[in-house]
>>> print(open('entry_37.tsv').read())   # TSV, C-alpha atoms
chain	number	residue	atom	x	y	z
A	1	MET	CA	36.52	18.79	191.46
A	2	GLU	CA	37.93	21.42	189.10
A	3	ARG	CA	36.65	23.29	186.07
A	4	LEU	CA	37.99	21.79	182.86
A	5	GLN	CA	39.47	25.00	181.44
A	6	LYS	CA	41.18	25.78	184.75
A	7	PHE	CA	42.69	22.29	184.83
A	8	MET	CA	43.89	22.67	181.23
A	9	ALA	CA	45.51	26.00	182.07
A	10	ALA	CA	47.24	24.49	185.08
A	11	CYS	CA	48.57	21.75	182.79
A	12	GLY	CA	50.24	24.38	180.62
A	13	VAL	CA	48.00	23.96	177.57
A	14	ALA	CA	47.42	27.72	177.29
A	15	SER	CA	45.90	30.60	179.21
A	16	ARG	CA	42.46	29.94	180.68
A	17	ARG	CA	40.70	32.06	178.04
A	18	LYS	CA	42.58	30.32	175.23
A	19	CYS	CA	41.66	26.94	176.77
A	20	GLU	CA	38.00	27.92	176.55
A	21	GLU	CA	38.47	28.52	172.82
A	22	ILE	CA	40.13	25.12	172.44
A	23	ILE	CA	37.17	23.45	174.17
A	24	LYS	CA	34.69	25.21	171.87
A	25	GLU	CA	36.68	23.97	168.87
A	26	GLY	CA	35.97	20.37	169.95
A	27	ARG	CA	39.61	19.51	170.55
A	28	VAL	CA	39.15	18.30	174.14
A	29	SER	CA	37.85	14.97	175.43
A	30	VAL	CA	37.19	13.75	178.96
A	31	ASN	CA	37.35	9.97	179.38
A	32	GLY	CA	37.09	9.62	175.62
A	33	ILE	CA	33.99	11.81	175.27
A	34	PRO	CA	34.38	15.10	173.33
A	35	VAL	CA	33.49	18.24	175.30
A	36	LEU	CA	32.05	21.35	173.64
A	37	GLU	CA	30.53	23.24	176.58
A	38	MET	CA	31.97	25.45	179.28
A	39	GLY	CA	31.49	24.70	182.97
A	40	ILE	CA	32.35	21.01	182.88
A	41	GLN	CA	34.00	19.88	186.10
A	42	ILE	CA	36.49	17.03	186.31
A	43	ASP	CA	38.31	15.07	188.97
A	44	PRO	CA	42.02	15.53	188.14
A	45	GLU	CA	42.87	12.37	190.08
A	46	LYS	CA	40.44	10.12	188.20
A	47	ASP	CA	39.44	11.65	184.86
A	48	CYS	CA	41.51	11.35	181.69
A	49	VAL	CA	41.68	14.62	179.73
A	50	THR	CA	43.08	14.76	176.21
A	51	VAL	CA	43.76	17.72	173.93
A	52	ASP	CA	44.12	16.86	170.24
A	53	GLY	CA	44.38	13.22	171.33
A	54	THR	CA	47.23	13.79	173.80
A	55	ASN	CA	46.81	13.17	177.53
A	56	ILE	CA	47.53	16.19	179.67
A	57	ARG	CA	48.59	16.45	183.32
A	58	LYS	CA	49.77	19.16	185.65
A	59	PRO	CA	53.53	19.82	185.51
A	60	GLU	CA	55.57	18.97	188.59
A	61	LYS	CA	57.30	22.35	188.44
A	62	LYS	CA	55.82	25.68	187.40
A	63	ILE	CA	58.10	27.83	185.26
A	64	VAL	CA	57.92	31.51	184.36
A	65	ILE	CA	60.56	32.95	182.01
A	66	MET	CA	61.05	36.57	181.00
A	67	LEU	CA	62.17	37.15	177.40
A	68	ASN	CA	63.14	40.34	175.61
A	69	LYS	CA	61.28	39.69	172.37
A	70	PRO	CA	63.22	40.93	169.35
A	71	ASP	CA	61.70	42.57	166.29
A	72	TYR	CA	60.48	40.19	163.55
A	73	VAL	CA	59.44	37.48	166.02
A	74	MET	CA	55.88	36.23	166.59
A	75	SER	CA	54.65	36.14	170.19
A	76	THR	CA	52.95	32.78	169.68
A	77	ALA	CA	53.85	29.14	170.18
A	78	HIS	CA	53.47	28.38	166.47
A	79	ASP	CA	53.23	30.41	163.28
A	80	PRO	CA	51.55	28.90	160.18
A	81	GLU	CA	53.69	31.13	157.95
A	82	GLY	CA	56.89	29.68	159.39
A	83	ARG	CA	58.13	32.87	161.06
A	84	ASP	CA	60.27	32.69	164.21
A	85	THR	CA	58.30	32.53	167.48
A	86	VAL	CA	59.12	33.42	171.09
A	87	VAL	CA	58.79	29.76	172.09
A	88	GLN	CA	61.58	28.83	169.68
A	89	LEU	CA	63.88	31.32	171.38
A	90	VAL	CA	63.52	29.63	174.78
A	91	PRO	CA	64.50	25.93	174.70
A	92	SER	CA	62.71	23.99	177.45
A	93	GLU	CA	61.74	20.44	178.28
A	94	GLN	CA	58.45	21.88	179.56
A	95	ARG	CA	55.65	22.94	177.23
A	96	LEU	CA	55.70	26.74	177.42
A	97	PHE	CA	53.33	29.33	175.98
A	98	PRO	CA	53.48	33.14	175.87
A	99	VAL	CA	51.50	35.31	178.29
A	100	GLY	CA	49.59	37.80	176.14
A	101	ARG	CA	51.06	39.14	172.93
A	102	LEU	CA	53.33	41.74	171.44
A	103	ASP	CA	52.89	42.52	167.77
A	104	TYR	CA	55.42	41.37	165.20
A	105	HIS	CA	57.47	44.58	165.23
A	106	THR	CA	57.20	45.38	168.95
A	107	GLU	CA	60.13	44.42	171.15
A	108	GLY	CA	60.46	43.92	174.87
A	109	LEU	CA	59.13	42.10	177.89
A	110	ILE	CA	57.06	38.98	177.34
A	111	LEU	CA	56.62	36.04	179.69
A	112	LEU	CA	56.57	32.35	178.81
A	113	THR	CA	55.15	29.84	181.25
A	114	ASN	CA	53.57	26.42	181.75
A	115	ASP	CA	51.17	27.89	184.32
A	116	GLY	CA	47.86	29.03	182.86
A	117	GLU	CA	46.70	30.55	186.14
A	118	ILE	CA	49.58	33.03	186.14
A	119	ALA	CA	48.78	33.89	182.54
A	120	TYR	CA	45.14	34.43	183.50
A	121	ARG	CA	46.02	36.81	186.34
A	122	LEU	CA	48.32	38.90	184.16
A	123	THR	CA	46.00	39.22	181.18
A	124	HIS	CA	42.44	39.31	182.56
A	125	PRO	CA	41.04	42.89	182.44
A	126	LYS	CA	39.76	42.74	186.04
A	127	TYR	CA	43.32	42.83	187.41
A	128	GLU	CA	44.18	46.02	185.46
A	129	ILE	CA	47.88	45.14	185.28
A	130	GLU	CA	49.89	48.14	184.11
A	131	LYS	CA	51.99	47.72	180.98
A	132	GLU	CA	54.66	50.30	180.26
A	133	TYR	CA	56.05	50.97	176.79
A	134	VAL	CA	58.66	53.31	175.38
A	135	ALA	CA	57.83	54.51	171.88
A	136	VAL	CA	60.31	56.30	169.68
A	137	ILE	CA	58.32	58.51	167.31
A	138	LYS	CA	59.28	60.69	164.39
A	139	GLY	CA	59.27	64.41	165.18
A	140	ARG	CA	57.85	66.11	168.25
A	141	LEU	CA	54.87	65.37	170.48
A	142	GLU	CA	52.96	68.58	171.08
A	143	ARG	CA	51.31	69.34	174.42
A	144	ARG	CA	47.78	69.08	172.98
A	145	GLU	CA	48.65	65.64	171.57
A	146	LEU	CA	50.11	64.57	174.90
A	147	LEU	CA	46.95	65.63	176.73
A	148	LYS	CA	44.80	63.81	174.20
A	149	LEU	CA	46.73	60.57	174.72
A	150	GLN	CA	46.47	60.98	178.49
A	151	SER	CA	42.71	61.54	178.50
A	152	GLY	CA	41.79	58.76	176.04
A	153	ILE	CA	41.81	58.14	172.30
A	154	GLU	CA	39.04	56.67	170.18
A	155	ILE	CA	40.36	53.64	168.33
A	156	ASP	CA	38.26	51.07	166.51
A	157	GLY	CA	35.15	52.99	167.54
A	158	GLU	CA	35.83	52.81	171.27
A	159	LEU	CA	37.50	55.24	173.67
A	160	THR	CA	40.62	54.00	175.44
A	161	ALA	CA	41.01	54.32	179.18
A	162	PRO	CA	43.16	57.26	180.38
A	163	ALA	CA	46.88	56.57	179.96
A	164	LYS	CA	49.98	57.80	181.74
A	165	VAL	CA	52.07	59.50	179.06
A	166	LYS	CA	55.27	61.53	179.33
A	167	ILE	CA	58.22	62.52	177.18
A	168	VAL	CA	61.42	60.78	178.33
A	169	GLY	CA	63.89	61.83	175.63
A	170	GLN	CA	64.41	63.83	172.46
A	171	THR	CA	66.86	64.08	169.59
A	172	GLU	CA	66.87	66.47	166.66
A	173	HIS	CA	64.43	64.31	164.73
A	174	THR	CA	62.75	61.95	167.24
A	175	THR	CA	60.95	61.86	170.58
A	176	SER	CA	60.90	59.01	173.12
A	177	VAL	CA	57.59	58.67	174.93
A	178	SER	CA	56.72	56.53	177.98
A	179	MET	CA	53.14	55.22	177.79
A	180	ILE	CA	51.49	53.22	180.58
A	181	ILE	CA	48.17	51.45	179.94
A	182	HIS	CA	46.24	48.65	181.62
A	183	GLU	CA	44.13	47.58	178.66
A	184	GLY	CA	45.24	44.93	176.20
A	185	ARG	CA	43.71	45.88	172.87
A	186	ASN	CA	45.34	44.75	169.64
A	187	ARG	CA	48.20	47.12	168.67
A	188	GLN	CA	46.80	49.67	171.13
A	189	ILE	CA	49.90	51.85	171.60
A	190	ARG	CA	50.55	52.07	167.86
A	191	LYS	CA	46.91	52.91	167.14
A	192	MET	CA	46.84	55.60	169.85
A	193	LEU	CA	49.90	57.27	168.37
A	194	GLU	CA	48.58	56.90	164.84
A	195	ALA	CA	45.42	58.68	166.02
A	196	VAL	CA	47.53	61.78	166.77
A	197	GLU	CA	49.37	61.31	163.46
A	198	LYS	CA	52.67	60.08	164.90
A	199	GLU	CA	54.90	57.60	163.10
A	200	VAL	CA	56.29	54.93	165.44
A	201	LEU	CA	59.92	54.12	164.68
A	202	GLN	CA	60.44	51.69	167.56
A	203	LEU	CA	58.24	50.30	170.33
A	204	THR	CA	59.44	48.40	173.39
A	205	ARG	CA	57.54	47.07	176.39
A	206	ILE	CA	59.67	47.56	179.49
A	207	ARG	CA	57.32	46.61	182.34
A	208	MET	CA	54.31	44.47	183.26
A	209	GLY	CA	53.01	45.25	186.73
A	210	GLU	CA	56.03	44.93	189.02
A	211	LEU	CA	58.07	42.96	186.50
A	212	PHE	CA	60.78	45.02	184.78
A	213	LEU	CA	62.72	44.18	181.62
A	214	GLY	CA	65.89	45.67	183.06
A	215	LYS	CA	69.10	45.00	181.14
A	216	LEU	CA	67.92	41.99	179.13
A	217	LYS	CA	68.99	42.43	175.51
A	218	PRO	CA	66.76	41.39	172.57
A	219	GLY	CA	66.70	37.60	172.43
A	220	GLU	CA	67.95	37.15	176.00
A	221	TYR	CA	65.81	35.48	178.67
A	222	ARG	CA	65.89	34.46	182.34
A	223	LEU	CA	63.83	32.73	184.99
A	224	LEU	CA	61.87	35.01	187.30
A	225	ASN	CA	63.43	35.38	190.74
A	226	GLY	CA	61.78	34.65	194.09
A	227	SER	CA	60.40	38.15	194.70
A	228	GLU	CA	58.96	38.32	191.18
A	229	MET	CA	57.25	34.94	191.64
A	230	SER	CA	55.87	36.12	194.99
A	231	TYR	CA	54.36	39.13	193.23
A	232	LEU	CA	52.64	36.90	190.66
A	233	ASN	CA	51.30	34.57	193.36
A	234	GLN	CA	49.77	37.53	195.18
A	235	LEU	CA	47.58	38.42	192.17
A	236	ARG	CA	44.33	36.83	193.37
>>> encode(input="entry_37.tsv", output="structure tokens")
Amino acid sequence: MERLQKFMAACGVASRRKCEEIIKEGRVSVNGIPVLEMGIQIDPEKDCVTVDGTNIRKPEKKIVIMLNKPDYVMSTAHDPEGRDTVVQLVPSEQRLFPVGRLDYHTEGLILLTNDGEIAYRLTHPKYEIEKEYVAVIKGRLERRELLKLQSGIEIDGELTAPAKVKIVGQTEHTTSVSMIIHEGRNRQIRKMLEAVEKEVLQLTRIRMGELFLGKLKPGEYRLLNGSEMSYLNQLR
């Protein structure tokens, strides 16, 4: 027996948490009976599960793809406003969905997969997966501002966890700052920098845990290699 939302995630519907939302919306049926509650267990070998009227089943092959998300692209599978999405950039016969999100104007590392369990391990707060960003800001970052970012910033009425922050480059008019966090709040890096009155000119995610963007250019993508997949499978 297997929990319904875990089975849905393994079928590539979405991450486990997103699958729970889909169940609550009444979009899931088991053997023709709509399900609205969490905790339902099914027998994957016997029960028929449908999402929006379509039967789902576990894929024969699990896929994880790394994409360098360009600016002006939504990190979703579908956008009601018709904007380009990360899923459109990665043609696949498998049904893929993004792991977590980057905001519309943030570039860099994002994963697409048909494996909801991997998505769950990378995004659930209990795993505290580090995410590293490089922000190019206008002007200089003063020491007092750097220390404030490192110790925690109040955004949306709540203090952020301590961050690892350091200056990695400077020009006459800009500063490049490396920021490492393990939380996943909406637009967190931008809001932290806005809190110390810094204008973000460019923001790029370059790492998630032990997965590095490397030399992928915006719009380019690749399958994860064996060592990277081993790392993901060890996140238990």
>>> closest_residue(input="entry_37.tsv", among="A:Leu211, A:Ile33, A:Met66, A:Ile153", to="Ser227 of chain A", atoms="only C-alpha atoms")
A:Leu211
>>> atom_distance(input="entry_37.tsv", atom1="atom CA of Lys191 of chain A", atom2="atom CA of Tyr127 of chain A")
22.9 Å
>>> closest_residue(input="entry_37.tsv", among="A:Gly157, A:Gly53, A:Gly209, A:Gly214", to="Glu130 of chain A", atoms="all atoms listed in the file")
A:Gly209
>>> atom_distance(input="entry_37.tsv", atom1="atom CA of Met8 of chain A", atom2="atom CA of Ser92 of chain A")
19.2 Å
>>> residues_around(input="entry_37.tsv", residues="Glu172 of chain A", least_positions_apart="5", cutoff="10 Å", atoms="all atoms listed in the file", output="MDAnalysis selection string")
chainID A and resid 138:140
>>> write_last_selection(input="entry_37.tsv", atoms="C-alpha atoms", output="PDB file, keeping the file's coordinate frame")
ATOM      1  CA  LYS A 138      59.280  60.690 164.390  1.00  0.00           C
ATOM      2  CA  GLY A 139      59.270  64.410 165.180  1.00  0.00           C
ATOM      3  CA  ARG A 140      57.850  66.110 168.250  1.00  0.00           C
TER       4      ARG A 140
END
>>> residues_near_point(input="entry_37.tsv", point="(44.0, 30.7, 179.6)", cutoff="8 Å", atoms="all atoms listed in the file", output="mmCIF file with C-alpha atoms, in the frame of the given file")
data_model
loop_
_atom_site.group_PDB
_atom_site.id
_atom_site.type_symbol
_atom_site.label_atom_id
_atom_site.label_comp_id
_atom_site.auth_asym_id
_atom_site.auth_seq_id
_atom_site.Cartn_x
_atom_site.Cartn_y
_atom_site.Cartn_z
ATOM 1 C CA GLN A 5 39.470 25.000 181.440
ATOM 2 C CA LYS A 6 41.180 25.780 184.750
ATOM 3 C CA ALA A 9 45.510 26.000 182.070
ATOM 4 C CA ALA A 14 47.420 27.720 177.290
ATOM 5 C CA SER A 15 45.900 30.600 179.210
ATOM 6 C CA ARG A 16 42.460 29.940 180.680
ATOM 7 C CA ARG A 17 40.700 32.060 178.040
ATOM 8 C CA LYS A 18 42.580 30.320 175.230
ATOM 9 C CA CYS A 19 41.660 26.940 176.770
ATOM 10 C CA GLU A 20 38.000 27.920 176.550
ATOM 11 C CA GLY A 116 47.860 29.030 182.860
ATOM 12 C CA GLU A 117 46.700 30.550 186.140
ATOM 13 C CA ALA A 119 48.780 33.890 182.540
ATOM 14 C CA TYR A 120 45.140 34.430 183.500
#
>>> closest_residue(input="entry_37.tsv", among="A:Ile155, A:Glu142, A:Leu213, A:Val134", to="Val200 of chain A", atoms="all atoms listed in the file")
A:Val134
>>> closest_residue(input="entry_37.tsv", among="A:Thr160, A:Gln150, A:Thr85, A:Gln202", to="Met179 of chain A", atoms="all atoms listed in the file")
A:Gln150
>>> residues_around(input="entry_37.tsv", residues="segment 164-168 of chain A", least_positions_apart="3", cutoff="12 Å", atoms="all atoms listed in the file", output="ChimeraX atom specification")
/A:130-137,140-143,145-152,160-161,171,174-182,189,192-193
>>> atom_distance(input="entry_37.tsv", atom1="atom CA of Asp71 of chain A", atom2="atom CA of Leu159 of chain A")
28.3 Å
>>> decode(input="entry_37.tsv", residues="segment 33-63 of chain A", atoms="N, CA and C atoms", output="mmCIF file, in the first residue's frame")
data_model
loop_
_atom_site.group_PDB
_atom_site.id
_atom_site.type_symbol
_atom_site.label_atom_id
_atom_site.label_comp_id
_atom_site.auth_asym_id
_atom_site.auth_seq_id
_atom_site.Cartn_x
_atom_site.Cartn_y
_atom_site.Cartn_z
ATOM 1 N N ILE A 33 -13.979 7.189 -7.709
ATOM 2 C CA ILE A 33 -14.532 7.926 -6.573
ATOM 3 C C ILE A 33 -13.632 9.118 -6.255
ATOM 4 N N PRO A 34 -14.161 10.349 -6.292
ATOM 5 C CA PRO A 34 -13.348 11.527 -5.991
ATOM 6 C C PRO A 34 -12.785 11.483 -4.577
ATOM 7 N N VAL A 35 -11.541 11.933 -4.432
ATOM 8 C CA VAL A 35 -10.862 11.956 -3.134
ATOM 9 C C VAL A 35 -10.568 13.397 -2.763
ATOM 10 N N LEU A 36 -10.899 13.765 -1.514
ATOM 11 C CA LEU A 36 -10.670 15.130 -1.048
ATOM 12 C C LEU A 36 -9.817 15.182 0.217
ATOM 13 N N GLU A 37 -9.487 14.026 0.794
ATOM 14 C CA GLU A 37 -8.781 13.986 2.061
ATOM 15 C C GLU A 37 -7.374 13.438 1.901
ATOM 16 N N MET A 38 -6.490 13.899 2.790
ATOM 17 C CA MET A 38 -5.134 13.379 2.821
ATOM 18 C C MET A 38 -5.113 12.028 3.551
ATOM 19 N N GLY A 39 -4.060 11.275 3.334
ATOM 20 C CA GLY A 39 -3.865 10.035 4.076
ATOM 21 C C GLY A 39 -4.445 8.800 3.432
ATOM 22 N N ILE A 40 -5.134 8.965 2.298
ATOM 23 C CA ILE A 40 -5.689 7.809 1.608
ATOM 24 C C ILE A 40 -4.555 6.930 1.089
ATOM 25 N N GLN A 41 -4.678 5.624 1.304
ATOM 26 C CA GLN A 41 -3.685 4.687 0.794
ATOM 27 C C GLN A 41 -4.280 3.868 -0.346
ATOM 28 N N ILE A 42 -3.438 3.611 -1.336
ATOM 29 C CA ILE A 42 -3.896 2.859 -2.508
ATOM 30 C C ILE A 42 -2.949 1.699 -2.772
ATOM 31 N N ASP A 43 -3.433 0.757 -3.556
ATOM 32 C CA ASP A 43 -2.608 -0.345 -4.041
ATOM 33 C C ASP A 43 -2.264 -0.028 -5.496
ATOM 34 N N PRO A 44 -1.023 0.381 -5.767
ATOM 35 C CA PRO A 44 -0.652 0.780 -7.135
ATOM 36 C C PRO A 44 -0.879 -0.307 -8.173
ATOM 37 N N GLU A 45 -0.886 -1.570 -7.726
ATOM 38 C CA GLU A 45 -1.055 -2.678 -8.677
ATOM 39 C C GLU A 45 -2.523 -2.922 -9.025
ATOM 40 N N LYS A 46 -3.434 -2.467 -8.152
ATOM 41 C CA LYS A 46 -4.850 -2.786 -8.359
ATOM 42 C C LYS A 46 -5.731 -1.557 -8.577
ATOM 43 N N ASP A 47 -5.419 -0.459 -7.886
ATOM 44 C CA ASP A 47 -6.292 0.709 -7.929
ATOM 45 C C ASP A 47 -6.030 1.565 -9.160
ATOM 46 N N CYS A 48 -7.105 2.172 -9.669
ATOM 47 C CA CYS A 48 -7.023 3.075 -10.816
ATOM 48 C C CYS A 48 -7.108 4.505 -10.307
ATOM 49 N N VAL A 49 -6.032 5.271 -10.520
ATOM 50 C CA VAL A 49 -5.983 6.664 -10.067
ATOM 51 C C VAL A 49 -6.030 7.583 -11.282
ATOM 52 N N THR A 50 -6.913 8.575 -11.236
ATOM 53 C CA THR A 50 -7.006 9.545 -12.317
ATOM 54 C C THR A 50 -6.833 10.955 -11.767
ATOM 55 N N VAL A 51 -6.186 11.797 -12.544
ATOM 56 C CA VAL A 51 -6.040 13.217 -12.232
ATOM 57 C C VAL A 51 -6.628 14.000 -13.393
ATOM 58 N N ASP A 52 -7.649 14.790 -13.105
ATOM 59 C CA ASP A 52 -8.368 15.530 -14.158
ATOM 60 C C ASP A 52 -8.874 14.585 -15.238
ATOM 61 N N GLY A 53 -9.277 13.372 -14.799
ATOM 62 C CA GLY A 53 -9.857 12.400 -15.718
ATOM 63 C C GLY A 53 -8.866 11.558 -16.484
ATOM 64 N N THR A 54 -7.570 11.757 -16.252
ATOM 65 C CA THR A 54 -6.537 11.000 -16.967
ATOM 66 C C THR A 54 -5.884 9.992 -16.033
ATOM 67 N N ASN A 55 -5.800 8.739 -16.471
ATOM 68 C CA ASN A 55 -5.131 7.714 -15.672
ATOM 69 C C ASN A 55 -3.648 8.053 -15.526
ATOM 70 N N ILE A 56 -3.119 7.783 -14.348
ATOM 71 C CA ILE A 56 -1.696 8.014 -14.135
ATOM 72 C C ILE A 56 -1.022 6.714 -13.731
ATOM 73 N N ARG A 57 0.252 6.593 -14.048
ATOM 74 C CA ARG A 57 1.048 5.423 -13.673
ATOM 75 C C ARG A 57 2.497 5.858 -13.539
ATOM 76 N N LYS A 58 3.259 5.069 -12.804
ATOM 77 C CA LYS A 58 4.660 5.407 -12.596
ATOM 78 C C LYS A 58 5.452 5.263 -13.895
ATOM 79 N N PRO A 59 6.321 6.220 -14.180
ATOM 80 C CA PRO A 59 7.138 6.122 -15.406
ATOM 81 C C PRO A 59 8.148 4.992 -15.293
ATOM 82 N N GLU A 60 8.471 4.395 -16.442
ATOM 83 C CA GLU A 60 9.456 3.318 -16.462
ATOM 84 C C GLU A 60 10.855 3.851 -16.149
ATOM 85 N N LYS A 61 11.120 5.085 -16.538
ATOM 86 C CA LYS A 61 12.443 5.666 -16.338
ATOM 87 C C LYS A 61 12.315 7.026 -15.676
ATOM 88 N N LYS A 62 13.077 7.221 -14.587
ATOM 89 C CA LYS A 62 13.073 8.512 -13.905
ATOM 90 C C LYS A 62 14.105 9.426 -14.553
ATOM 91 N N ILE A 63 13.698 10.664 -14.777
ATOM 92 C CA ILE A 63 14.538 11.637 -15.469
ATOM 93 C C ILE A 63 14.714 12.871 -14.595
#
